[in-house]
Amino acid sequence: MKKKVKAEYNYGMSDFKVFWEEAIKILFSEYESKNLSDEFHLWITSLDYVKSHDSTIVLSVPSNFFKEQLIRRGDIGKLKNIITDLSGQDLLFEFEIKQRTNKITENTEDNETIKEDSPYKKNVSSAPKTEDKKNLKSHPQLSEKYSFDNFVLGNNSAFAYNAALSVAKNPGKTYNPLLLYGGVGLGKTHLMQAIGNYAWKESKSKIIYITAENFTNEFIKALGEKTPSKFKEKYRSVDILLIDDIHFLQKKDGTQEELFHTFNALYDSNKQIVFTCDRPVSELKNLSDRLRSRFERGLNVDLQPPDYETRRAIVEKKLEQSNKKIPSPIIDFIAHNIASNVRDLEAAILKIVAYNELIDKQEITIETANQLLRDFISSPKQANLGIDTIIKVIAEEYGISSSDIKGKKRTKNIIMPRQIAMYIAREITEFSTTEIGAEFGRDHTTVVHSCQKIEEAIKEDSKFDSKIQLLIRTVKDYKKTI
């Protein structure tokens, strides 16, 4: 039952903070009663009371994404109803976007340490001291820069972020295994290591982070030195195993066999396993079926390229972390023109900042930025040109237009060329199926299906196989002449 708050002001007052704080307490109790405290801390604590005027409360949120999600989830509506009931006034909410310096609360025995001045503070006297966490040495295999705090959340990464956070707070209990996949520079390694860093600081778990390549090399060395039992003991006795870039395991039959047994040992002991890959597991051609089934047993989540709002937030966050400044129009220019991945954004920021500090102390212009970043800006176009070239070659071969291949028509004379174009793009480029699908206006499952259809046709018809090989050579020759 909602508790009435006696107003200390006259009706028509403009300071509603007391009602806001009480509403937060009530909503926290509601979440807690449903055993959803972690969800409360993830979403509701992203809201901050700024001020109030007339019949309006102004709140800050870290991004438009958070605002939209809070509205969609119904949390804003709940808070409004509670405050209306408490104050007796029908109030409005206004929002302003303000980046948070810390998105995640300190964890405790029950995952809930709240700021001392928080309106939803609980009695957590048994919580570990913050000083102890600060003094804890970093994990030798993990980079401290990879944390949930400095991961910029956006529509492209919300699902993966929330899944990773859930795993970090409850290793071995929620999503096991967790597989994060997507193109280069989208945050897979960041989230994976954030899981490790979070668990390391909170529980001092036994954690191993390793790339699939190094896992393979270490296994080969153990065989050569006749110490396989030592290798098995090392990897099967951990609390959390983090393996990066499992696509490297293709054609590594011995390593796949060892990882299969390692996986079973950890899974049966409720130990957390996290993998990353550059594509969906279903696309890894040279992987044993039983290991593939293990990868797919838990939760598989993809990361998409960031949208404009997220890219701008990333640029601002990186500048804040490095204590650097560049003019707002230049930030906007970078966010608009470099849409590939976070690594390219970071490289662009570094080049702009370095030029401004080393060459030109005056305020940098759009023209200068365009010249400095021409390689970054043209990179996505060059990458896209590869697929555009494939589409053009296939369209010419089959007497249709490129727009037909990219369009929505599903007539027989268009479906086959479209599938061939997707297949060739997958075979001769480094694009993931998600990226290829985006070029065709479709999702990655459509690309996977198309590739499977062409592969089946190739196996059944040697003439069709020769046709595909000829088209591939035509595409490659075409690229050389452009």
# chains A, B, ... in the order shown; residues from 1 in each chain; ligands from 1
>>> residues_around(residues="Leu249 in chain A", least_positions_apart="5", cutoff="12 Å", atoms="only C-alpha atoms", output="list in words")
Thr211, Ala212, Glu213, Asn214, Phe215, Thr216, Asn217, Ile243, Asp244, Gly254, Thr255, Gln256, Glu257, Glu258, Leu259, Phe260, Phe275, Thr276, Cys277, Val281, Leu284, Lys285, Asn286, Leu287, Ser288, Leu291 and Arg292 of chain A
>>> select_by_dssp(residues="range 233-444 of chain A", states="strand (DSSP E or B)", output="number ranges by chain")
A: 240-244, 272-277, 299-303
>>> closest_residue(among="A:Asn162, A:Thr310, A:Asn356, A:Asn341", to="Ile326 in chain A", atoms="only C-alpha atoms")
A:Asn356
>>> residues_around(residues="range 462-473 of chain A", least_positions_apart="6", cutoff="12 Å", atoms="only C-alpha atoms", output="ChimeraX atom specification")
/A:386-387,389-398,416-417,419-429,454-456,479-480
>>> write_last_selection(atoms="N, CA and C atoms", output="PDB file, in the first residue's frame")
ATOM      1  N   GLY A 386      32.743  -3.831 -52.297  1.00  0.00           N
ATOM      2  CA  GLY A 386      32.935  -5.244 -52.577  1.00  0.00           C
ATOM      3  C   GLY A 386      31.608  -5.936 -52.821  1.00  0.00           C
ATOM      4  N   ILE A 387      30.626  -5.707 -51.960  1.00  0.00           N
ATOM      5  CA  ILE A 387      29.311  -6.325 -52.112  1.00  0.00           C
ATOM      6  C   ILE A 387      28.563  -5.684 -53.267  1.00  0.00           C
ATOM      7  N   THR A 389      29.868  -4.544 -55.925  1.00  0.00           N
ATOM      8  CA  THR A 389      30.464  -5.113 -57.134  1.00  0.00           C
ATOM      9  C   THR A 389      29.904  -6.499 -57.415  1.00  0.00           C
ATOM     10  N   ILE A 390      29.787  -7.299 -56.369  1.00  0.00           N
ATOM     11  CA  ILE A 390      29.209  -8.644 -56.512  1.00  0.00           C
ATOM     12  C   ILE A 390      27.795  -8.548 -57.066  1.00  0.00           C
ATOM     13  N   ILE A 391      27.009  -7.663 -56.478  1.00  0.00           N
ATOM     14  CA  ILE A 391      25.619  -7.497 -56.920  1.00  0.00           C
ATOM     15  C   ILE A 391      25.562  -7.043 -58.377  1.00  0.00           C
ATOM     16  N   LYS A 392      26.460  -6.111 -58.737  1.00  0.00           N
ATOM     17  CA  LYS A 392      26.464  -5.602 -60.108  1.00  0.00           C
ATOM     18  C   LYS A 392      26.808  -6.693 -61.107  1.00  0.00           C
ATOM     19  N   VAL A 393      27.823  -7.496 -60.785  1.00  0.00           N
ATOM     20  CA  VAL A 393      28.244  -8.583 -61.674  1.00  0.00           C
ATOM     21  C   VAL A 393      27.135  -9.601 -61.850  1.00  0.00           C
ATOM     22  N   ILE A 394      26.496  -9.982 -60.734  1.00  0.00           N
ATOM     23  CA  ILE A 394      25.423 -10.978 -60.794  1.00  0.00           C
ATOM     24  C   ILE A 394      24.226 -10.425 -61.558  1.00  0.00           C
ATOM     25  N   ALA A 395      23.903  -9.157 -61.333  1.00  0.00           N
ATOM     26  CA  ALA A 395      22.776  -8.534 -62.025  1.00  0.00           C
ATOM     27  C   ALA A 395      22.997  -8.521 -63.532  1.00  0.00           C
ATOM     28  N   GLU A 396      24.215  -8.167 -63.950  1.00  0.00           N
ATOM     29  CA  GLU A 396      24.528  -8.146 -65.377  1.00  0.00           C
ATOM     30  C   GLU A 396      24.456  -9.543 -65.974  1.00  0.00           C
ATOM     31  N   GLU A 397      24.938 -10.523 -65.232  1.00  0.00           N
ATOM     32  CA  GLU A 397      24.940 -11.907 -65.714  1.00  0.00           C
ATOM     33  C   GLU A 397      23.526 -12.425 -65.952  1.00  0.00           C
ATOM     34  N   TYR A 398      22.591 -12.047 -65.087  1.00  0.00           N
ATOM     35  CA  TYR A 398      21.240 -12.586 -65.164  1.00  0.00           C
ATOM     36  C   TYR A 398      20.236 -11.606 -65.784  1.00  0.00           C
ATOM     37  N   MET A 416      17.069 -16.575 -57.250  1.00  0.00           N
ATOM     38  CA  MET A 416      18.318 -17.313 -57.436  1.00  0.00           C
ATOM     39  C   MET A 416      19.532 -16.388 -57.548  1.00  0.00           C
ATOM     40  N   PRO A 417      19.505 -15.341 -58.395  1.00  0.00           N
ATOM     41  CA  PRO A 417      20.644 -14.410 -58.433  1.00  0.00           C
ATOM     42  C   PRO A 417      20.924 -13.764 -57.070  1.00  0.00           C
ATOM     43  N   GLN A 419      20.384 -15.066 -54.107  1.00  0.00           N
ATOM     44  CA  GLN A 419      21.031 -16.073 -53.269  1.00  0.00           C
ATOM     45  C   GLN A 419      22.480 -16.286 -53.689  1.00  0.00           C
ATOM     46  N   ILE A 420      22.725 -16.268 -54.990  1.00  0.00           N
ATOM     47  CA  ILE A 420      24.102 -16.416 -55.485  1.00  0.00           C
ATOM     48  C   ILE A 420      24.956 -15.243 -55.008  1.00  0.00           C
ATOM     49  N   ALA A 421      24.419 -14.032 -55.095  1.00  0.00           N
ATOM     50  CA  ALA A 421      25.169 -12.848 -54.656  1.00  0.00           C
ATOM     51  C   ALA A 421      25.514 -12.941 -53.175  1.00  0.00           C
ATOM     52  N   MET A 422      24.556 -13.374 -52.359  1.00  0.00           N
ATOM     53  CA  MET A 422      24.812 -13.532 -50.922  1.00  0.00           C
ATOM     54  C   MET A 422      25.877 -14.604 -50.680  1.00  0.00           C
ATOM     55  N   TYR A 423      25.780 -15.698 -51.416  1.00  0.00           N
ATOM     56  CA  TYR A 423      26.743 -16.795 -51.249  1.00  0.00           C
ATOM     57  C   TYR A 423      28.162 -16.331 -51.593  1.00  0.00           C
ATOM     58  N   ILE A 424      28.305 -15.655 -52.724  1.00  0.00           N
ATOM     59  CA  ILE A 424      29.629 -15.190 -53.141  1.00  0.00           C
ATOM     60  C   ILE A 424      30.174 -14.157 -52.154  1.00  0.00           C
ATOM     61  N   ALA A 425      29.305 -13.281 -51.675  1.00  0.00           N
ATOM     62  CA  ALA A 425      29.735 -12.287 -50.680  1.00  0.00           C
ATOM     63  C   ALA A 425      30.268 -12.975 -49.429  1.00  0.00           C
ATOM     64  N   ARG A 426      29.609 -14.052 -49.043  1.00  0.00           N
ATOM     65  CA  ARG A 426      30.061 -14.783 -47.847  1.00  0.00           C
ATOM     66  C   ARG A 426      31.373 -15.505 -48.097  1.00  0.00           C
ATOM     67  N   GLU A 427      31.561 -15.985 -49.342  1.00  0.00           N
ATOM     68  CA  GLU A 427      32.753 -16.767 -49.669  1.00  0.00           C
ATOM     69  C   GLU A 427      34.006 -15.920 -49.845  1.00  0.00           C
ATOM     70  N   ILE A 428      33.889 -14.760 -50.442  1.00  0.00           N
ATOM     71  CA  ILE A 428      35.111 -14.031 -50.829  1.00  0.00           C
ATOM     72  C   ILE A 428      35.322 -12.718 -50.089  1.00  0.00           C
ATOM     73  N   THR A 429      34.438 -12.385 -49.151  1.00  0.00           N
ATOM     74  CA  THR A 429      34.654 -11.175 -48.347  1.00  0.00           C
ATOM     75  C   THR A 429      34.770 -11.548 -46.876  1.00  0.00           C
ATOM     76  N   ILE A 454      22.495 -22.502 -52.047  1.00  0.00           N
ATOM     77  CA  ILE A 454      23.499 -22.513 -53.112  1.00  0.00           C
ATOM     78  C   ILE A 454      24.476 -23.668 -52.900  1.00  0.00           C
ATOM     79  N   GLU A 455      24.870 -23.917 -51.651  1.00  0.00           N
ATOM     80  CA  GLU A 455      25.772 -25.034 -51.363  1.00  0.00           C
ATOM     81  C   GLU A 455      25.149 -26.364 -51.781  1.00  0.00           C
ATOM     82  N   GLU A 456      23.871 -26.519 -51.511  1.00  0.00           N
ATOM     83  CA  GLU A 456      23.169 -27.752 -51.906  1.00  0.00           C
ATOM     84  C   GLU A 456      23.129 -27.884 -53.426  1.00  0.00           C
ATOM     85  N   LYS A 479      36.996  -6.263 -59.696  1.00  0.00           N
ATOM     86  CA  LYS A 479      37.519  -5.433 -58.609  1.00  0.00           C
ATOM     87  C   LYS A 479      38.897  -4.888 -58.949  1.00  0.00           C
ATOM     88  N   LYS A 480      39.673  -5.662 -59.689  1.00  0.00           N
ATOM     89  CA  LYS A 480      41.029  -5.235 -60.034  1.00  0.00           C
ATOM     90  C   LYS A 480      41.022  -4.039 -60.996  1.00  0.00           C
TER      91      LYS A 480
END
>>> closest_residue(among="A:Arg312, A:Arg418, A:Lys453, A:Lys169", to="Gly437 in chain A", atoms="only C-alpha atoms")
A:Arg418
>>> residues_around(residues="Ala339 in chain A", least_positions_apart="6", cutoff="8 Å", atoms="only C-alpha atoms", output="CSV table (one decimal) with N, CA and C atoms, in the first residue's frame")
chain,number,residue,atom,x,y,z
A,305,PRO,N,26.3,-3.0,-35.6
A,305,PRO,CA,27.0,-1.7,-35.6
A,305,PRO,C,26.1,-0.6,-34.9
A,306,PRO,N,26.8,0.3,-34.2
A,306,PRO,CA,26.0,1.3,-33.4
A,306,PRO,C,25.3,2.3,-34.3
A,307,ASP,N,24.2,2.8,-33.9
A,307,ASP,CA,23.5,3.9,-34.6
A,307,ASP,C,24.1,5.2,-34.3
A,308,TYR,N,23.6,6.3,-35.0
A,308,TYR,CA,24.2,7.6,-34.8
A,308,TYR,C,24.3,8.1,-33.4
A,311,ARG,N,26.9,6.2,-31.5
A,311,ARG,CA,28.3,6.6,-32.0
A,311,ARG,C,28.7,7.9,-31.4
A,380,PRO,N,34.3,2.3,-45.0
A,380,PRO,CA,33.0,1.6,-45.1
A,380,PRO,C,32.6,1.5,-46.6
